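Trainee: Here it is, the structure, as structure tokens.
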Amino acid sequence: MPTRAQASADGVWQGVVPAAGLCMPDVPLPDGASASIVVQQGAVQWVGPCEAVPARWQVLPRWQAAGALATPGLVDCHTHLVYGGQRANEFAMRLAGATYEAVAKAGGGIVSSVRATRDASEDALFALAAPRLQALLDEGVCAIEIKSGYGLALEHERKQLRVARQLGEALGVTVRTTFLGAHALPPEYAGRSSDYIRLVCEDMLPALAAEGLVDAVDVFCERIAFTLAETEQVFQAAQRLGIPVKLHAEQLSDMGGAALAARYGALSCDHIEHLSADGIAAMRAAGTVAVLLPGAYYTLRDTQLPPIAALRAAGVPMAVSTDHNPGTSPALSLLLMANMACTLFRLTVPEALAGITTHAARALGLQESHGLIASGRPANFVLWPVADQAELAYWLGHKPACTIVRQGRLAANGLAVAVAGADHVA
């Protein structure tokens with residue numbers, strides 16, 4: 001299992017930067033030109049044409065990748081990666097005609113994952129989640145969000161968030177943790193949603209925030225979950241603690257959640273198949289990112305498309321994520337999600353690439369450190385063995401042998417070759 005002991009990526013890296021707004025060079029680059037990315041002390045120091053590398057960087061080791069495409073490290077901005085058990089039986093139920101709501105009412109859905117997660121130890125949850133995370137990392141992910149929400153009690157939400165932190169440390173990747181205590185009503189609070197929301201706001205969130213386990217707060221605002229008023233209570237509690245909010249919004253119906261989230265300056269609204277024009281306007285005004293989750297749309301065999309054309313016309317940034325979870329999106333490929341975003345939602349290739357890099361970083365509040373190749377940022381980028389950026393969204397099931405620089409370390413080297421001074425890389 002990879003750890004932080006990986007080799008330093010200090011050196012001059014060469015690759016072709018796509019014309020997709022994914023790079024901010026220090027010296028102008030023609031579209032599709034070969035570029036040099038200078039890395040030292042874990043950060044990008046300079047980006048520009050290969051022939052223009054400043055003299056002070058000429059002594060660094062040089063790495064070439066024979067025309068490989070260079071992109072920022074991928075960002076998976078919406079996952080539920082830490083959980084116990086699995087829910088393949090629900091997949092079969094839906095194939096037989098059961099709706100998402102019917103599965104939940106039959107004792108499945110989120111609550112079934114709650115039972116399995118509560119029964120699992122921290123060590124067991126780590127052992128289950130690590131291979132899932134590794135599959136995403138092998139495909140170039142350099143930052144990821146991991147939500148809680150399968151504990152629905154303080155000790156078990158804490159357990160999920162602690163494992164999320166441990167995964168980031170052990171696998172050397174940026175992990176943003178999101179407290180999703182208001183994911184579903186736990187069985188012991190059946191019929192008492194107001195009491196449970198009070199517990200979330202007054203006990204769970206303050207305790208977990210005090211322990212440094214919460215980077216953002218999320219709510220599932222939906223007819224089978226929590227109301228607008230309950231959602232606002234959670235947002236107010238987060239606001240008092242200075243923690244940013246996100247929202248599972250308008251997945252199954254138009255609850256007006258996106259407009260509410262925007263009023264609280266939400267980082268993102270996610271799913272949004274039923275997003276209204278008012279919600280789009282509010283998100284635009286607030287700078288809130290729309291996170292598209294085609295894996296859930298596909299798995300649930302949904303027919304209500306997100307309002308892509310309206311989001312595009314309004315200039316709302318659109319991110320794309322796996323929504324990895326055991327019930328509705330057991331997806332472990334962000335590149336596959338890019339393909340689905342193009343084929344199912346009609347995103348263009350540049351939109352899809354920005355969706356899994358630049359806009360995904362913004363959805364996590366990481367826009368200053370991830371999602372763009374630029375001087376002064378931590379070195380998080382990928383060199384891909386493809387000739388055209390469209391290939392990243394074109395292939396199905398292909399795991400390209402890419403070179404990954406993550407947190408300034410050489411995390412995987414599938415194609416780059418040291419042509420000088422390789423002995424300096426340590």
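Labels for the structure tokens follow display order: chains A, B, ..., residues from 1 in each chain, ligands from 1.
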With a distance cut-off of 7 Å and only C-alpha atoms, select the neighbouring residues of segment 27-41 of chain A, excluding the residue or stretch itself and same-chain residues fewer than 2 positions from it, and output the selection as a PyMOL selection string.

Mentor: chain A and resi 9-19+25+43-50+379

Trainee: May I have the selected residues written with N, CA and C atoms, as an mmCIF file, in the first residue's frame?

Mentor:
```
data_model
loop_
_atom_site.group_PDB
_atom_site.id
_atom_site.type_symbol
_atom_site.label_atom_id
_atom_site.label_comp_id
_atom_site.auth_asym_id
_atom_site.auth_seq_id
_atom_site.Cartn_x
_atom_site.Cartn_y
_atom_site.Cartn_z
ATOM 1 N N ALA A 9 9.160 14.273 -6.202
ATOM 2 C CA ALA A 9 8.945 14.515 -7.629
ATOM 3 C C ALA A 9 9.700 15.748 -8.111
ATOM 4 N N ASP A 10 10.664 16.243 -7.330
ATOM 5 C CA ASP A 10 11.430 17.415 -7.758
ATOM 6 C C ASP A 10 12.068 17.165 -9.117
ATOM 7 N N GLY A 11 11.912 18.116 -9.998
ATOM 8 C CA GLY A 11 12.489 17.986 -11.326
ATOM 9 C C GLY A 11 11.708 18.805 -12.336
ATOM 10 N N VAL A 12 12.114 18.690 -13.605
ATOM 11 C CA VAL A 12 11.438 19.366 -14.714
ATOM 12 C C VAL A 12 10.667 18.304 -15.486
ATOM 13 N N TRP A 13 9.336 18.414 -15.471
ATOM 14 C CA TRP A 13 8.454 17.435 -16.095
ATOM 15 C C TRP A 13 7.928 17.982 -17.413
ATOM 16 N N GLN A 14 7.907 17.126 -18.432
ATOM 17 C CA GLN A 14 7.457 17.569 -19.741
ATOM 18 C C GLN A 14 6.204 16.806 -20.166
ATOM 19 N N GLY A 15 5.230 17.557 -20.662
ATOM 20 C CA GLY A 15 4.000 16.967 -21.160
ATOM 21 C C GLY A 15 3.255 17.986 -21.996
ATOM 22 N N VAL A 16 2.210 17.548 -22.675
ATOM 23 C CA VAL A 16 1.406 18.431 -23.515
ATOM 24 C C VAL A 16 0.196 18.880 -22.713
ATOM 25 N N VAL A 17 0.044 20.186 -22.554
ATOM 26 C CA VAL A 17 -1.067 20.730 -21.771
ATOM 27 C C VAL A 17 -2.253 20.981 -22.693
ATOM 28 N N PRO A 18 -3.430 20.449 -22.363
ATOM 29 C CA PRO A 18 -4.594 20.645 -23.235
ATOM 30 C C PRO A 18 -5.106 22.074 -23.177
ATOM 31 N N ALA A 19 -5.788 22.488 -24.232
ATOM 32 C CA ALA A 19 -6.383 23.826 -24.274
ATOM 33 C C ALA A 19 -7.745 23.783 -23.606
ATOM 34 N N PRO A 25 0.120 29.039 -17.283
ATOM 35 C CA PRO A 25 1.569 29.094 -17.474
ATOM 36 C C PRO A 25 2.162 30.452 -17.100
ATOM 37 N N ALA A 43 6.251 21.674 -4.606
ATOM 38 C CA ALA A 43 5.359 22.640 -5.234
ATOM 39 C C ALA A 43 5.763 22.904 -6.674
ATOM 40 N N VAL A 44 4.789 23.332 -7.480
ATOM 41 C CA VAL A 44 5.076 23.783 -8.840
ATOM 42 C C VAL A 44 5.727 25.167 -8.752
ATOM 43 N N GLN A 45 6.891 25.304 -9.368
ATOM 44 C CA GLN A 45 7.632 26.564 -9.312
ATOM 45 C C GLN A 45 7.514 27.379 -10.599
ATOM 46 N N TRP A 46 7.247 26.690 -11.704
ATOM 47 C CA TRP A 46 7.200 27.386 -12.988
ATOM 48 C C TRP A 46 6.540 26.470 -14.001
ATOM 49 N N VAL A 47 5.778 27.076 -14.937
ATOM 50 C CA VAL A 47 5.158 26.329 -16.040
ATOM 51 C C VAL A 47 5.303 27.158 -17.304
ATOM 52 N N GLY A 48 5.761 26.531 -18.370
ATOM 53 C CA GLY A 48 5.895 27.249 -19.629
ATOM 54 C C GLY A 48 6.507 26.391 -20.708
ATOM 55 N N PRO A 49 6.865 27.003 -21.845
ATOM 56 C CA PRO A 49 7.451 26.247 -22.943
ATOM 57 C C PRO A 49 8.762 25.567 -22.535
ATOM 58 N N CYS A 50 8.993 24.396 -23.086
ATOM 59 C CA CYS A 50 10.189 23.628 -22.714
ATOM 60 C C CYS A 50 11.470 24.412 -22.977
ATOM 61 N N ALA A 379 2.321 20.345 -5.996
ATOM 62 C CA ALA A 379 2.447 19.590 -7.243
ATOM 63 C C ALA A 379 1.484 18.410 -7.224
#
```

Trainee: Would you please give, as an MDAnalysis selection string, all residues of segment 146-214 of chain A that DSSP assigns to helix (DSSP H, G or I) based on the backbone?

Mentor: chainID A and resid 154:171 187:189 193:210

Trainee: Which residue gives the smallest distance to Cys402 of chain A among A:Ala70, A:Val217, A:Leu364, A:Val111, with only C-alpha atoms counted?

Mentor: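 Among the listed residues, A:Ala70 lies closest to Cys402 of chain A.
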
Trainee: Have a look at A:Val316, A:Met337, A:Leu332, A:Leu260 and name the one nearest to Leu137 of chain A; count only C-alpha atoms.

Mentor: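 Closest to Leu137 of chain A of all the choices is A:Leu332.
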
Trainee: Using only C-alpha atoms, find each residue in segment 198-251 of chain A having at least one atom no more than 7 Å away from segment 271-285 of chain A; report its shortest atom-to-atom pair and that distance in Å (one decimal), rows by chain then rising number, as a tab-separated table.

Mentor:
```
residue	atom	partner	partner_atom	distance
A:His248	CA	A:His271	CA	6.4
A:Ala249	CA	A:Ile272	CA	5.5
A:Glu250	CA	A:Ile272	CA	4.6
A:Gln251	CA	A:His271	CA	5.2
```

Trainee: Using the selection just defined, write its residues with C-alpha atoms as a PDB file, in the first residue's frame.

Mentor:
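Below is the file selection09.pdb, written as the result:
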```pdb
ATOM      1  CA  HIS A 248     -27.742  16.801  -1.468  1.00  0.00           C
ATOM      2  CA  ALA A 249     -30.290  18.849  -3.402  1.00  0.00           C
ATOM      3  CA  GLU A 250     -33.168  18.223  -5.790  1.00  0.00           C
ATOM      4  CA  GLN A 251     -32.310  14.588  -6.527  1.00  0.00           C
TER       5      GLN A 251
END
```

Trainee: Could you tell me which of A:Thr71, A:Leu205, A:Met340, A:Val417 comes closest to Gly21 of chain A if we count only C-alpha atoms?

Mentor: A:Thr71

Trainee: So, with only C-alpha atoms as the atoms that count, which of A:Arg406, A:Arg223, A:His324, A:Arg162 lies closest to Ala184 of chain A?

Mentor: A:Arg223

Trainee: Would you give me, as a list in words, the residues in segment 261-365 of chain A that DSSP reads as strand (DSSP E or B)?

Mentor: Ser268, Cys269, Asp270, His271, Val289, Ala290, Val291, Leu292, Met318, Ala319, Val320, Asn325 and Ser329 of chain A

Trainee: Pull all heavy atoms from the residues just selected and write them as a CSV table (one decimal), in the first residue's frame.

Mentor:
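Listed below is the output, out_37.csv:
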```csv
chain,number,residue,atom,x,y,z
A,268,SER,N,-21.3,23.7,-2.7
A,268,SER,CA,-21.9,22.9,-3.8
A,268,SER,C,-23.3,22.5,-3.5
A,268,SER,O,-23.7,22.3,-2.3
A,268,SER,CB,-21.0,21.7,-4.2
A,268,SER,OG,-21.1,20.7,-3.2
A,269,CYS,N,-24.0,22.2,-4.6
A,269,CYS,CA,-25.3,21.5,-4.5
A,269,CYS,C,-25.1,20.3,-5.4
A,269,CYS,O,-24.8,20.5,-6.6
A,269,CYS,CB,-26.5,22.4,-5.0
A,269,CYS,SG,-26.9,23.7,-3.8
A,270,ASP,N,-25.5,19.1,-4.9
A,270,ASP,CA,-25.2,17.9,-5.6
A,270,ASP,C,-26.4,17.1,-6.0
A,270,ASP,O,-27.4,17.0,-5.2
A,270,ASP,CB,-24.2,17.1,-4.7
A,270,ASP,CG,-23.0,17.8,-4.3
A,270,ASP,OD1,-23.1,19.0,-4.1
A,270,ASP,OD2,-21.9,17.2,-4.1
A,271,HIS,N,-26.3,16.4,-7.1
A,271,HIS,CA,-27.4,15.6,-7.8
A,271,HIS,C,-28.1,16.5,-8.7
A,271,HIS,O,-28.0,16.4,-9.9
A,271,HIS,CB,-28.3,14.9,-6.8
A,271,HIS,CG,-27.7,13.8,-6.1
A,271,HIS,ND1,-27.4,12.6,-6.7
A,271,HIS,CD2,-27.3,13.6,-4.8
A,271,HIS,CE1,-26.9,11.7,-5.9
A,271,HIS,NE2,-26.9,12.3,-4.7
A,289,VAL,N,-21.1,25.6,-6.7
A,289,VAL,CA,-20.8,24.6,-7.8
A,289,VAL,C,-22.0,23.6,-7.9
A,289,VAL,O,-22.5,23.1,-6.9
A,289,VAL,CB,-19.5,23.9,-7.5
A,289,VAL,CG1,-19.2,22.9,-8.6
A,289,VAL,CG2,-18.3,24.9,-7.4
A,290,ALA,N,-22.3,23.3,-9.1
A,290,ALA,CA,-23.3,22.2,-9.4
A,290,ALA,C,-22.5,20.9,-9.5
A,290,ALA,O,-21.7,20.8,-10.4
A,290,ALA,CB,-24.1,22.5,-10.6
A,291,VAL,N,-22.7,19.9,-8.7
A,291,VAL,CA,-22.0,18.7,-8.8
A,291,VAL,C,-22.9,17.6,-9.4
A,291,VAL,O,-24.0,17.3,-8.9
A,291,VAL,CB,-21.5,18.2,-7.4
A,291,VAL,CG1,-20.8,16.8,-7.5
A,291,VAL,CG2,-20.6,19.2,-6.8
A,292,LEU,N,-22.5,17.2,-10.6
A,292,LEU,CA,-23.2,16.2,-11.3
A,292,LEU,C,-22.8,14.8,-10.9
A,292,LEU,O,-21.6,14.5,-10.9
A,292,LEU,CB,-23.0,16.4,-12.8
A,292,LEU,CG,-23.3,17.8,-13.3
A,292,LEU,CD1,-22.9,17.9,-14.8
A,292,LEU,CD2,-24.7,18.2,-13.1
A,318,MET,N,-19.8,23.4,-13.3
A,318,MET,CA,-20.3,22.0,-13.1
A,318,MET,C,-19.2,21.1,-12.9
A,318,MET,O,-18.3,20.9,-13.7
A,318,MET,CB,-21.0,21.6,-14.4
A,318,MET,CG,-22.3,22.4,-14.7
A,318,MET,SD,-23.2,21.9,-16.2
A,318,MET,CE,-22.2,22.6,-17.5
A,319,ALA,N,-19.2,20.4,-11.7
A,319,ALA,CA,-18.2,19.4,-11.3
A,319,ALA,C,-18.9,18.0,-11.6
A,319,ALA,O,-20.1,17.9,-11.7
A,319,ALA,CB,-17.9,19.5,-9.9
A,320,VAL,N,-18.0,17.0,-11.7
A,320,VAL,CA,-18.5,15.7,-11.9
A,320,VAL,C,-17.8,14.8,-10.8
A,320,VAL,O,-16.6,14.9,-10.6
A,320,VAL,CB,-18.1,15.2,-13.3
A,320,VAL,CG1,-18.5,13.7,-13.5
A,320,VAL,CG2,-18.8,16.0,-14.4
A,325,ASN,N,-20.9,5.1,-3.3
A,325,ASN,CA,-21.6,4.7,-2.2
A,325,ASN,C,-22.2,3.3,-2.4
A,325,ASN,O,-22.3,2.8,-3.6
A,325,ASN,CB,-22.8,5.7,-1.8
A,325,ASN,CG,-23.9,5.6,-2.8
A,325,ASN,OD1,-24.8,4.7,-2.7
A,325,ASN,ND2,-24.0,6.5,-3.8
A,329,SER,N,-24.5,4.2,-6.2
A,329,SER,CA,-23.4,4.5,-7.2
A,329,SER,C,-22.1,3.8,-6.7
A,329,SER,O,-21.2,4.4,-6.3
A,329,SER,CB,-23.2,6.0,-7.3
A,329,SER,OG,-22.2,6.3,-8.3
```

Trainee: As a VMD selection string, please: the residues near Val234 of chain A (cut-off 12 Å, only C-alpha atoms, same-chain neighbours under 5 positions excluded).

Mentor: chain A and resid 179 to 183 194 196 to 206 216 to 221 226 to 229 239 to 241 243 to 247 260 to 261 264

Trainee: Can you write just those residues out, N, CA and C atoms, as a CSV table (one decimal), in the first residue's frame?

Mentor:
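part_15.csv, freshly written:
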```csv
chain,number,residue,atom,x,y,z
A,179,PHE,N,-19.3,16.1,7.3
A,179,PHE,CA,-20.2,15.6,8.3
A,179,PHE,C,-21.6,15.5,7.7
A,180,LEU,N,-22.1,14.4,7.5
A,180,LEU,CA,-23.4,14.2,6.9
A,180,LEU,C,-24.3,13.4,7.9
A,181,GLY,N,-24.3,13.9,9.1
A,181,GLY,CA,-25.2,13.3,10.2
A,181,GLY,C,-26.6,13.3,9.8
A,182,ALA,N,-27.1,14.4,9.1
A,182,ALA,CA,-28.4,14.5,8.6
A,182,ALA,C,-28.6,13.8,7.2
A,183,HIS,N,-28.3,12.5,7.2
A,183,HIS,CA,-28.3,11.7,6.0
A,183,HIS,C,-29.7,10.9,5.9
A,194,SER,N,-37.4,15.9,14.5
A,194,SER,CA,-37.0,17.2,15.1
A,194,SER,C,-36.0,16.9,16.3
A,196,TYR,N,-34.0,14.4,16.4
A,196,TYR,CA,-32.7,13.9,15.9
A,196,TYR,C,-31.9,15.1,15.3
A,197,ILE,N,-32.6,16.0,14.7
A,197,ILE,CA,-31.9,17.2,14.1
A,197,ILE,C,-31.3,18.0,15.3
A,198,ARG,N,-32.0,18.1,16.4
A,198,ARG,CA,-31.5,18.8,17.5
A,198,ARG,C,-30.2,18.1,18.0
A,199,LEU,N,-30.2,16.8,18.0
A,199,LEU,CA,-29.0,16.1,18.4
A,199,LEU,C,-27.8,16.4,17.4
A,200,VAL,N,-28.1,16.4,16.1
A,200,VAL,CA,-27.1,16.7,15.1
A,200,VAL,C,-26.5,18.1,15.4
A,201,CYS,N,-27.4,19.0,15.6
A,201,CYS,CA,-26.9,20.4,15.7
A,201,CYS,C,-26.3,20.8,17.0
A,202,GLU,N,-26.8,20.2,18.1
A,202,GLU,CA,-26.3,20.6,19.5
A,202,GLU,C,-25.3,19.7,20.1
A,203,ASP,N,-25.2,18.5,19.6
A,203,ASP,CA,-24.3,17.5,20.2
A,203,ASP,C,-23.2,17.0,19.2
A,204,MET,N,-23.7,16.4,18.1
A,204,MET,CA,-22.8,15.7,17.2
A,204,MET,C,-21.9,16.7,16.5
A,205,LEU,N,-22.4,17.7,15.8
A,205,LEU,CA,-21.6,18.6,15.1
A,205,LEU,C,-20.6,19.3,15.9
A,206,PRO,N,-21.0,20.0,17.0
A,206,PRO,CA,-20.0,20.7,17.9
A,206,PRO,C,-18.9,19.7,18.4
A,216,ALA,N,-16.6,20.3,6.2
A,216,ALA,CA,-17.8,20.8,5.7
A,216,ALA,C,-19.0,20.0,6.3
A,217,VAL,N,-20.2,20.6,6.1
A,217,VAL,CA,-21.4,19.9,6.6
A,217,VAL,C,-22.4,19.8,5.5
A,218,ASP,N,-23.0,18.6,5.4
A,218,ASP,CA,-23.9,18.3,4.3
A,218,ASP,C,-25.2,17.8,4.9
A,219,VAL,N,-26.3,17.9,4.2
A,219,VAL,CA,-27.6,17.4,4.5
A,219,VAL,C,-28.3,16.7,3.3
A,220,PHE,N,-29.1,15.7,3.5
A,220,PHE,CA,-29.9,15.1,2.5
A,220,PHE,C,-31.3,15.7,2.6
A,221,CYS,N,-31.5,16.7,1.8
A,221,CYS,CA,-32.8,17.5,1.8
A,221,CYS,C,-33.7,16.9,0.7
A,226,PHE,N,-34.8,14.9,5.0
A,226,PHE,CA,-35.1,16.0,5.9
A,226,PHE,C,-35.7,17.2,5.1
A,227,THR,N,-36.5,17.9,5.8
A,227,THR,CA,-37.2,19.1,5.2
A,227,THR,C,-36.3,20.3,5.1
A,228,LEU,N,-36.8,21.3,4.4
A,228,LEU,CA,-36.1,22.6,4.3
A,228,LEU,C,-35.8,23.2,5.6
A,229,ALA,N,-36.8,23.2,6.5
A,229,ALA,CA,-36.6,23.8,7.8
A,229,ALA,C,-35.6,23.0,8.6
A,239,GLN,N,-23.0,27.3,10.5
A,239,GLN,CA,-22.6,28.7,10.4
A,239,GLN,C,-22.0,29.3,11.7
A,240,ARG,N,-22.6,28.9,12.8
A,240,ARG,CA,-22.2,29.3,14.1
A,240,ARG,C,-20.7,28.8,14.4
A,241,LEU,N,-20.4,27.7,13.8
A,241,LEU,CA,-19.1,27.1,14.0
A,241,LEU,C,-18.1,27.5,12.9
A,243,ILE,N,-18.2,26.7,9.7
A,243,ILE,CA,-17.9,25.5,8.8
A,243,ILE,C,-18.8,25.7,7.5
A,244,PRO,N,-18.2,25.5,6.3
A,244,PRO,CA,-18.9,25.6,5.1
A,244,PRO,C,-19.9,24.5,4.9
A,245,VAL,N,-21.0,24.8,4.1
A,245,VAL,CA,-22.0,23.8,3.9
A,245,VAL,C,-22.1,23.3,2.5
A,246,LYS,N,-22.7,22.2,2.3
A,246,LYS,CA,-23.0,21.6,1.0
A,246,LYS,C,-24.4,21.0,1.1
A,247,LEU,N,-24.9,20.5,0.0
A,247,LEU,CA,-26.3,19.9,0.1
A,247,LEU,C,-26.5,18.9,-1.0
A,260,LEU,N,-31.9,27.5,-0.9
A,260,LEU,CA,-31.6,27.6,0.5
A,260,LEU,C,-30.1,27.5,0.8
A,261,ALA,N,-29.5,26.5,0.2
A,261,ALA,CA,-28.0,26.3,0.3
A,261,ALA,C,-27.3,27.5,-0.2
A,264,TYR,N,-26.8,30.3,2.1
A,264,TYR,CA,-25.8,30.1,3.1
A,264,TYR,C,-24.4,29.9,2.5
```

Trainee: Counting only C-alpha atoms, which residue out of A:Leu208, A:Ala96, A:Ala135, A:Leu152 sits closest to Leu334 of chain A?

Mentor: A:Ala135

Trainee: Just the residues within 7 Å of Ile373 of chain A, please, counting only C-alpha atoms, with nothing from its chain fewer than 5 positions along; format it as an MDAnalysis selection string.

Mentor: chainID A and resid 22:24 72
